[in-house]
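Enquirer: Shown below is the structure under consideration.
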Amino acid sequence: MSHSDYRPNLRPLETPRGTSSVVGPHGVGASPGDKKSKNKSVRGKKKRIFETYMSKEDVSEGLKRGTLIQGVLRINPKKFHEAFIPSPDGDRDIFIDGVVARNRALNGDLVVVKLLPEEHWKVLKPENNDKEMETAYESDLPEELCGHHLPQQSLKGYDDSPDVIIEAHLDDSDLEDGHGNAQNVLVDGVKKLSVCVHDKGKEDANAQATKDESIPLSQDTRALSEKLLQRSAKVVYILEKKHSRAATGILKLLAEKNNELFRKYALFSPSDHRVPRIYVPLKDCPQDFVTRPKDYASTLFICRIVDWKEDCNFALGQLAKSLGQAGEIEPETEGILTEYGIDFSDFSSEVLECLPRSLPWTVPPEELNKRRDLRKECIFTIDPSTARDLDDALSCRPLADGTFEVGVHIADVSYFVPEGSHLDNVAAERATSVYLVQKVIPMLPRLLCEELCSLNPMTDKLTFSVIWTLTPEGKILKEWFGRTIIRSCTKLSYEHAQSMIERPMERISEEELPPISQEHSSKEVHQAILNLHRIAKQLRQQRFMDGALRLDQLKLAFTLDHDTGLPQGCHVYEYRDSNKLVEEFMLLANMAVAHKIYRTYPELALLRRHPPPQTKMLNDLVEFCDQMGLSMDVSSAGALNKSLTKIFGADKYSLARKEVLINMFSRPMQMALYFCSGVLQDLAQFRHYALNVPLYTHFTSPIRRFADVIVHRLLAAALGYREQPDIEPTALQKLADHCNDRRMASKRVQELSTGLFFAVLVKECGPLESEAMVMGVLNQAFDVLVLRYGVQKRIYCNALTLRSFHFQKVGKKPELTLVWEPEDPEQEPTQQVITIFSLVEVVLQAETAALKYSAILKRPSPEGCLGLEEESDNQPED
């Protein structure tokens, strides 16, 4: 997640919003912090808890000299006293220990830090197996890494358009970098995998776990290997407050009733522990809150931080609104959207006035003369069955010489979004549609998303096309870009296209297919799908031979009750040949457009880069794999892909182990980023790591991504359809930064929406049983990947009916031996050995607290408790 490390001095420095640029003692009664510090005052001055921020000038100078470092702050969601920023050199993250060192910065803020003296660096203690690790990431894979066109299925009718995948999970941006898991924001990093630098021999699990924190270095610790130290720092400035400063949570009375604060403030406790507790004025609270606080114990509120002074442990805030009951889908969803700054308001009248007035809209005659007319061609869309925003269409016409004319046709959204209009400004601000399980928050008004721009069948539509002449092997002979007009002959779902691929010799009946226009037959469409499939297979094979990487993580799709909207069930979404077909041609179009706009505007192309994985985390993971007997080559994206695909067989155990490793190798991956080509000087930084290509961009989804609209405008200018772009590289980079920020927020919201629905499903339909594979072994607990649902959970030994448990290292492999209390007193206790890659049975069950659920290990059958690892003796191929 190194958003801005590559441009240390690009942002103008400003005094952070909400922070006084002149720091001095606060007046008596100015804030809760003043009163709290009253008894600690020395000669009338309040005791400072936080350091004063450095001046803009000093920060700018420090960044130039290299004495200060900037980066995006990540706070560990499970250990909120731990925070990190990426190291500019790609080495181990820089550690920031505790709230005071964070200096009022929140998760996602762009901060400037100063390294502490070496004697205060964090000592990484290899003997402590309960430590979490700096990979306190929520998942960060780009879509291109994870798979294109993976819908978040719901029965409500708004589906992910073709290439949305969760970034650390997928999206065609995820296709790019890989793909994280939307079910759980519980990614703790590689260290918790028990990568042990020194074999300490056997250790007792029942000993009290030591707290993993920064301690001054003794002479002995200075002798430790450098890899056991982690650079530590403190925040000295907030360059940009990217966190919304809004949080959902519950209200509580202050504990000390006699305190003066009690009569003026309530305490807001955020659901996200990475946000500080907040004092809110009682006048903002419900009238009967003080007399009946228990009535509000499960009511969700939204609170916004308005100030956080240097002498106050807690921030000062204002209640924005009451959402409703904690644990219910709609209040929780509104809270998530607000926390991440998603604009879900109705479009204003000024925006709606930018839309065409006369409906139904028809293509103006003058546009017909300006465009290549493809309305008689066999062109069709392939999308999720419930999709309404159809961005892209495909065509494939065989030519007499055995080659094919293949077209990718993308909705010409820029025609309907005049640059500089109210509509353009709102679309730029939203920057992306946000796909929740139950609905979509659109970037553009629905009239555009679902009607005027959407490539609905049997209707004339304006498009921007890339058309190639391809050999059957996918080699490009000719390439053409231009504005077109199409008339899609049918709207296929992925299921329809898959059926055609799987039944190449059969005639598929009309009843099995959607309506097809009279000018074309189902046989013609079927043949076009088969031809595209054959070419796509060749393109895909060549991409991976050329060194691409794919990290497909499990993604959940839900079925929802039509009346209540509650989840009735879920399944892991299957990524099939029809998805891959569409993905290949979208990738091909995006790469082609990237080269075209960069050739024409080498200083002004909006491109998309994917930095290599974080070196230190990746090396730790390779070391871990070595300890597990798995030889992984991570010298390049292609080498890693080869390692992940060659190691495993097709049996259940091998496939589960592959899922665990893909999950682990997703963690070091960084986000793919939009950037302006004129801002980065080093061409090597343009590269897309996962796709292993020099240039890439986003062109294929302008209905749901504003970056694609910008790219359409650049391509139109490059082709002479419009005037040359009148924008400076720094201004375009600012737009790129905003698209990156909004994309990240959108991805997080998607993940949290999936997590919300899954937690509700466990409560409504649980307990749920599944096989799981162990992916980390700690002193008194172990982590599992629940294979049926793709969620990660920690199982604690003290929650099981055990007689005892014992932790030890066997060689370098951590191992927990569980001794189960017998169900029958006359029986012998059952012993179960838990090590990494153990296959176990778990039960997911709801807890009393809203949206909380736990994983419980099922008691093994007497014959199944030993030998779970037998299959792991299979040695991987070299």
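Please note that chains go A, B, ... in the order of the structure tokens, that every chain numbers its residues from 1, and that ligands are numbered from 1 in the order shown.
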Which residues are near segment 820-823 of chain A? Cut-off 12 Å, only C-alpha atoms, ignore same chain within fewer than 4 positions. Put them as a list of chain:residue names.
Expert: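 Here the qualifying residues turn out to be A:Cys797, A:Asn798, A:Ala799, A:Leu800, A:Thr801, A:Leu802, A:Arg803, A:Ser804, A:Phe805, A:His806, A:Gln827, A:Glu828, A:Pro829, A:Thr830, A:Gln831, A:Gln832, A:Val833, A:Leu857, A:Lys858, A:Arg859, A:Pro860, A:Ser861, A:Pro862, A:Cys865.
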Enquirer: Compile the contact shell of Arg576 of chain A as a PyMOL selection string: residues with an atom at most 10 Å away, counting only C-alpha atoms, same-chain residues fewer than 4 positions apart removed.
Expert: chain A and resi 150+494-495+498+580-581
Enquirer: Using Å and a single decimal, report how far atom CA of Trp121 of chain A sits from atom CA of Leu228 of chain A.
Expert: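 It comes out at 10.0 Å.
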Enquirer: Among segment 231-462 of chain A, which residues carry a DSSP assignment of strand (DSSP E), reported as an MDAnalysis selection string?
Expert: chainID A and resid 233:240 246:252 265:270 278:281 299:307 315:325 372:373 379:383 392:398 404:411 434:435 440:441 460:462
Enquirer: Need the shell around segment 341-356 of chain A: protein/DNA/RNA residues with any atom at most 7 Å away, counting only C-alpha atoms. Skip same-chain ones fewer than 3 positions apart. Format as a PyMOL selection string?
Expert: chain A and resi 244+337-338+422-423+430+441+445
Enquirer: Find the residues near Phe404 of chain A: any atom within 9 Å, counting only C-alpha atoms, skip ones fewer than 2 places away on the same chain, and give them as JSON, numbers by chain.
Expert: {"A": [396, 397, 398, 399, 400, 401, 402, 406, 468, 469, 470, 471, 472, 531]}
Enquirer: Create the file for the chosen residues now, containing C-alpha atoms and written as a PDB file, in the first residue's frame.
Expert:
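Result went into part_25.pdb, see below:
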ATOM      1  CA  CYS A 396     -15.410 -11.723 -33.859  1.00  0.00           C
ATOM      2  CA  ARG A 397     -15.713 -12.043 -37.654  1.00  0.00           C
ATOM      3  CA  PRO A 398     -13.772 -14.704 -39.561  1.00  0.00           C
ATOM      4  CA  LEU A 399     -11.894 -13.389 -42.606  1.00  0.00           C
ATOM      5  CA  ALA A 400     -11.245 -15.199 -45.869  1.00  0.00           C
ATOM      6  CA  ASP A 401      -7.537 -15.758 -45.168  1.00  0.00           C
ATOM      7  CA  GLY A 402      -8.175 -17.639 -41.900  1.00  0.00           C
ATOM      8  CA  VAL A 406     -11.953  -9.042 -33.317  1.00  0.00           C
ATOM      9  CA  TRP A 468      -7.675  -6.004 -34.445  1.00  0.00           C
ATOM     10  CA  THR A 469      -6.911  -8.451 -37.180  1.00  0.00           C
ATOM     11  CA  LEU A 470      -5.688 -11.498 -35.267  1.00  0.00           C
ATOM     12  CA  THR A 471      -4.295 -14.871 -36.259  1.00  0.00           C
ATOM     13  CA  PRO A 472      -5.939 -17.929 -34.643  1.00  0.00           C
ATOM     14  CA  ASN A 531     -13.688 -18.410 -31.947  1.00  0.00           C
TER      15      ASN A 531
END
Enquirer: Can you pull out every residue within 9 Å of Met628 of chain A, counting only C-alpha atoms, but drop anything in the same chain fewer than 5 positions away, and send it as a PyMOL selection string?
Expert: chain A and resi 623+812-813+836
Enquirer: Near segment 88-95 of chain A, within 7 Å and counting only C-alpha atoms, which residues show up once chain neighbours fewer than 5 positions away are dropped, as JSON, numbers by chain?
Expert: {"A": [5, 83, 134, 230, 231, 232, 233, 614, 615, 616, 617]}
Enquirer: Can you list, as a PyMOL selection string, every protein, DNA or RNA residue that comes within 6 Å of Ala393 of chain A when you count only C-alpha atoms, leaving out same-chain residues fewer than 6 positions away?
Expert: chain A and resi 380-381+408-409
Enquirer: Taking the backbone alone, and naming residues the way the document does, which bits of segment 420-507 of chain A are alpha helix (DSSP H) by DSSP, as a ChimeraX atom specification?
Expert: /A:422-430,446,494-502
Enquirer: Could those selected residues go to a file with all heavy atoms, as a compact mmCIF listing (two decimals), in the first residue's frame?
Expert:
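Generated output (result_32.txt):
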# COMPACT_ATOMS: atom_id res chain seq x y z
N HIS A 422 -21.21 20.14 -14.37
CA HIS A 422 -21.54 19.66 -13.02
C HIS A 422 -21.46 18.13 -12.98
O HIS A 422 -20.99 17.55 -11.99
CB HIS A 422 -22.94 20.12 -12.62
CG HIS A 422 -23.03 21.58 -12.31
ND1 HIS A 422 -22.38 22.16 -11.25
CD2 HIS A 422 -23.72 22.59 -12.93
CE1 HIS A 422 -22.65 23.46 -11.22
NE2 HIS A 422 -23.45 23.75 -12.25
N LEU A 423 -21.94 17.50 -14.03
CA LEU A 423 -21.91 16.05 -14.11
C LEU A 423 -20.48 15.53 -14.07
O LEU A 423 -20.14 14.58 -13.35
CB LEU A 423 -22.61 15.59 -15.39
CG LEU A 423 -22.60 14.08 -15.70
CD1 LEU A 423 -23.27 13.29 -14.59
CD2 LEU A 423 -23.31 13.82 -17.05
N ASP A 424 -19.60 16.19 -14.83
CA ASP A 424 -18.18 15.81 -14.86
C ASP A 424 -17.54 15.98 -13.48
O ASP A 424 -16.79 15.11 -13.01
CB ASP A 424 -17.46 16.68 -15.89
CG ASP A 424 -16.00 16.29 -16.07
OD1 ASP A 424 -15.71 15.09 -16.20
OD2 ASP A 424 -15.15 17.20 -16.09
N ASN A 425 -17.86 17.07 -12.82
CA ASN A 425 -17.27 17.34 -11.50
C ASN A 425 -17.69 16.30 -10.47
O ASN A 425 -16.88 15.83 -9.67
CB ASN A 425 -17.65 18.74 -11.02
CG ASN A 425 -17.05 19.83 -11.90
OD1 ASN A 425 -16.05 19.60 -12.58
ND2 ASN A 425 -17.66 21.01 -11.90
N VAL A 426 -18.97 15.92 -10.49
CA VAL A 426 -19.45 14.92 -9.52
C VAL A 426 -18.86 13.56 -9.84
O VAL A 426 -18.45 12.82 -8.92
CB VAL A 426 -21.00 14.88 -9.53
CG1 VAL A 426 -21.51 13.65 -8.79
CG2 VAL A 426 -21.56 16.13 -8.87
N ALA A 427 -18.80 13.20 -11.12
CA ALA A 427 -18.21 11.91 -11.50
C ALA A 427 -16.75 11.85 -11.09
O ALA A 427 -16.26 10.84 -10.57
CB ALA A 427 -18.36 11.68 -13.00
N ALA A 428 -16.02 12.98 -11.28
CA ALA A 428 -14.61 13.02 -10.90
C ALA A 428 -14.46 12.88 -9.39
O ALA A 428 -13.55 12.22 -8.90
CB ALA A 428 -13.97 14.32 -11.38
N GLU A 429 -15.35 13.51 -8.63
CA GLU A 429 -15.28 13.45 -7.17
C GLU A 429 -15.59 12.03 -6.67
O GLU A 429 -14.90 11.50 -5.82
CB GLU A 429 -16.26 14.46 -6.55
CG GLU A 429 -16.19 14.53 -5.04
CD GLU A 429 -14.82 14.92 -4.50
OE1 GLU A 429 -14.11 15.71 -5.15
OE2 GLU A 429 -14.45 14.39 -3.43
N ARG A 430 -16.63 11.41 -7.22
CA ARG A 430 -16.96 10.02 -6.81
C ARG A 430 -15.89 9.05 -7.31
O ARG A 430 -15.53 8.12 -6.60
CB ARG A 430 -18.34 9.63 -7.35
CG ARG A 430 -19.48 10.41 -6.73
CD ARG A 430 -20.83 9.80 -7.03
NE ARG A 430 -21.90 10.53 -6.34
CZ ARG A 430 -23.11 10.05 -6.10
NH1 ARG A 430 -23.43 8.82 -6.49
NH2 ARG A 430 -24.01 10.78 -5.47
N ARG A 446 -28.32 7.00 -12.88
CA ARG A 446 -28.76 5.71 -13.44
C ARG A 446 -29.24 5.83 -14.89
O ARG A 446 -29.15 4.87 -15.65
CB ARG A 446 -29.86 5.11 -12.57
CG ARG A 446 -29.35 4.73 -11.18
CD ARG A 446 -30.20 3.66 -10.53
NE ARG A 446 -29.73 3.41 -9.16
CZ ARG A 446 -28.72 2.62 -8.85
NH1 ARG A 446 -28.04 2.00 -9.80
NH2 ARG A 446 -28.37 2.43 -7.59
N TYR A 494 -22.66 -14.72 -18.34
CA TYR A 494 -21.51 -15.62 -18.31
C TYR A 494 -21.96 -17.07 -18.42
O TYR A 494 -21.27 -17.90 -19.03
CB TYR A 494 -20.70 -15.42 -17.02
CG TYR A 494 -19.86 -14.17 -17.05
CD1 TYR A 494 -20.07 -13.15 -16.13
CD2 TYR A 494 -18.84 -14.00 -17.98
CE1 TYR A 494 -19.31 -12.00 -16.15
CE2 TYR A 494 -18.07 -12.86 -18.01
CZ TYR A 494 -18.30 -11.86 -17.08
OH TYR A 494 -17.54 -10.72 -17.12
N GLU A 495 -23.11 -17.37 -17.85
CA GLU A 495 -23.62 -18.75 -17.91
C GLU A 495 -23.97 -19.13 -19.34
O GLU A 495 -23.69 -20.25 -19.78
CB GLU A 495 -24.85 -18.90 -17.01
CG GLU A 495 -24.58 -18.84 -15.51
CD GLU A 495 -24.27 -17.43 -15.01
OE1 GLU A 495 -24.65 -16.45 -15.67
OE2 GLU A 495 -23.63 -17.32 -13.93
N HIS A 496 -24.59 -18.20 -20.08
CA HIS A 496 -24.90 -18.48 -21.50
C HIS A 496 -23.61 -18.76 -22.29
O HIS A 496 -23.53 -19.74 -23.04
CB HIS A 496 -25.61 -17.29 -22.15
CG HIS A 496 -26.97 -17.01 -21.60
ND1 HIS A 496 -27.39 -15.74 -21.29
CD2 HIS A 496 -27.99 -17.83 -21.27
CE1 HIS A 496 -28.62 -15.79 -20.82
NE2 HIS A 496 -29.01 -17.04 -20.80
N ALA A 497 -22.63 -17.88 -22.12
CA ALA A 497 -21.38 -18.04 -22.87
C ALA A 497 -20.67 -19.33 -22.45
O ALA A 497 -20.11 -20.04 -23.30
CB ALA A 497 -20.47 -16.83 -22.62
N GLN A 498 -20.71 -19.66 -21.16
CA GLN A 498 -20.07 -20.89 -20.69
C GLN A 498 -20.74 -22.11 -21.30
O GLN A 498 -20.06 -23.07 -21.69
CB GLN A 498 -20.15 -20.95 -19.16
CG GLN A 498 -19.35 -22.09 -18.54
CD GLN A 498 -17.86 -21.95 -18.78
OE1 GLN A 498 -17.35 -20.84 -18.87
NE2 GLN A 498 -17.16 -23.08 -18.87
N SER A 499 -22.05 -22.07 -21.39
CA SER A 499 -22.78 -23.18 -21.99
C SER A 499 -22.37 -23.38 -23.45
O SER A 499 -22.19 -24.51 -23.92
CB SER A 499 -24.28 -22.90 -21.89
OG SER A 499 -25.03 -23.90 -22.53
N MET A 500 -22.17 -22.28 -24.17
CA MET A 500 -21.73 -22.37 -25.57
C MET A 500 -20.32 -22.95 -25.68
O MET A 500 -20.03 -23.75 -26.57
CB MET A 500 -21.77 -20.98 -26.22
CG MET A 500 -23.16 -20.43 -26.40
SD MET A 500 -23.11 -18.75 -27.08
CE MET A 500 -24.85 -18.45 -27.41
N ILE A 501 -19.45 -22.56 -24.74
CA ILE A 501 -18.07 -23.06 -24.75
C ILE A 501 -18.05 -24.56 -24.45
O ILE A 501 -17.29 -25.32 -25.08
CB ILE A 501 -17.22 -22.28 -23.72
CG1 ILE A 501 -17.00 -20.84 -24.20
CG2 ILE A 501 -15.88 -22.97 -23.48
CD1 ILE A 501 -16.42 -19.91 -23.14
N GLU A 502 -18.88 -24.98 -23.52
CA GLU A 502 -18.88 -26.39 -23.11
C GLU A 502 -19.62 -27.30 -24.08
O GLU A 502 -19.47 -28.52 -24.02
CB GLU A 502 -19.51 -26.50 -21.71
CG GLU A 502 -18.65 -25.89 -20.61
CD GLU A 502 -19.36 -25.87 -19.27
OE1 GLU A 502 -20.54 -26.28 -19.21
OE2 GLU A 502 -18.73 -25.43 -18.28
Enquirer: Which residue, A:Ser87, A:Ser522, A:Thr835, A:Thr52, has the smallest gap to Asn103 of chain A when you use only C-alpha atoms?
Expert: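 The closest residue to Asn103 of chain A is A:Thr52.
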Enquirer: Expressed in Å to a single decimal, how great is the separation between atom CA of Glu723 of chain A and atom CA of Glu419 of chain A?
Expert: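 Between atom CA of Glu723 of chain A and atom CA of Glu419 of chain A the gap is 11.9 Å.
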Enquirer: Between A:Pro293, A:Gly62, A:Pro142, A:Gly420, which residue has the minimum interatomic distance to Ala266 of chain A, considering only C-alpha atoms?
Expert: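 The shortest atom-to-atom distance to Ala266 of chain A comes from A:Pro293.
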Enquirer: Return the single residue from A:Asp546, A:Glu751, A:Glu769, A:Glu51 that is closest to Glu310 of chain A, with distances computed using only C-alpha atoms.
Expert: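 Of A:Asp546, A:Glu751, A:Glu769, A:Glu51, the one nearest Glu310 of chain A, counting only C-alpha atoms, is A:Glu51.
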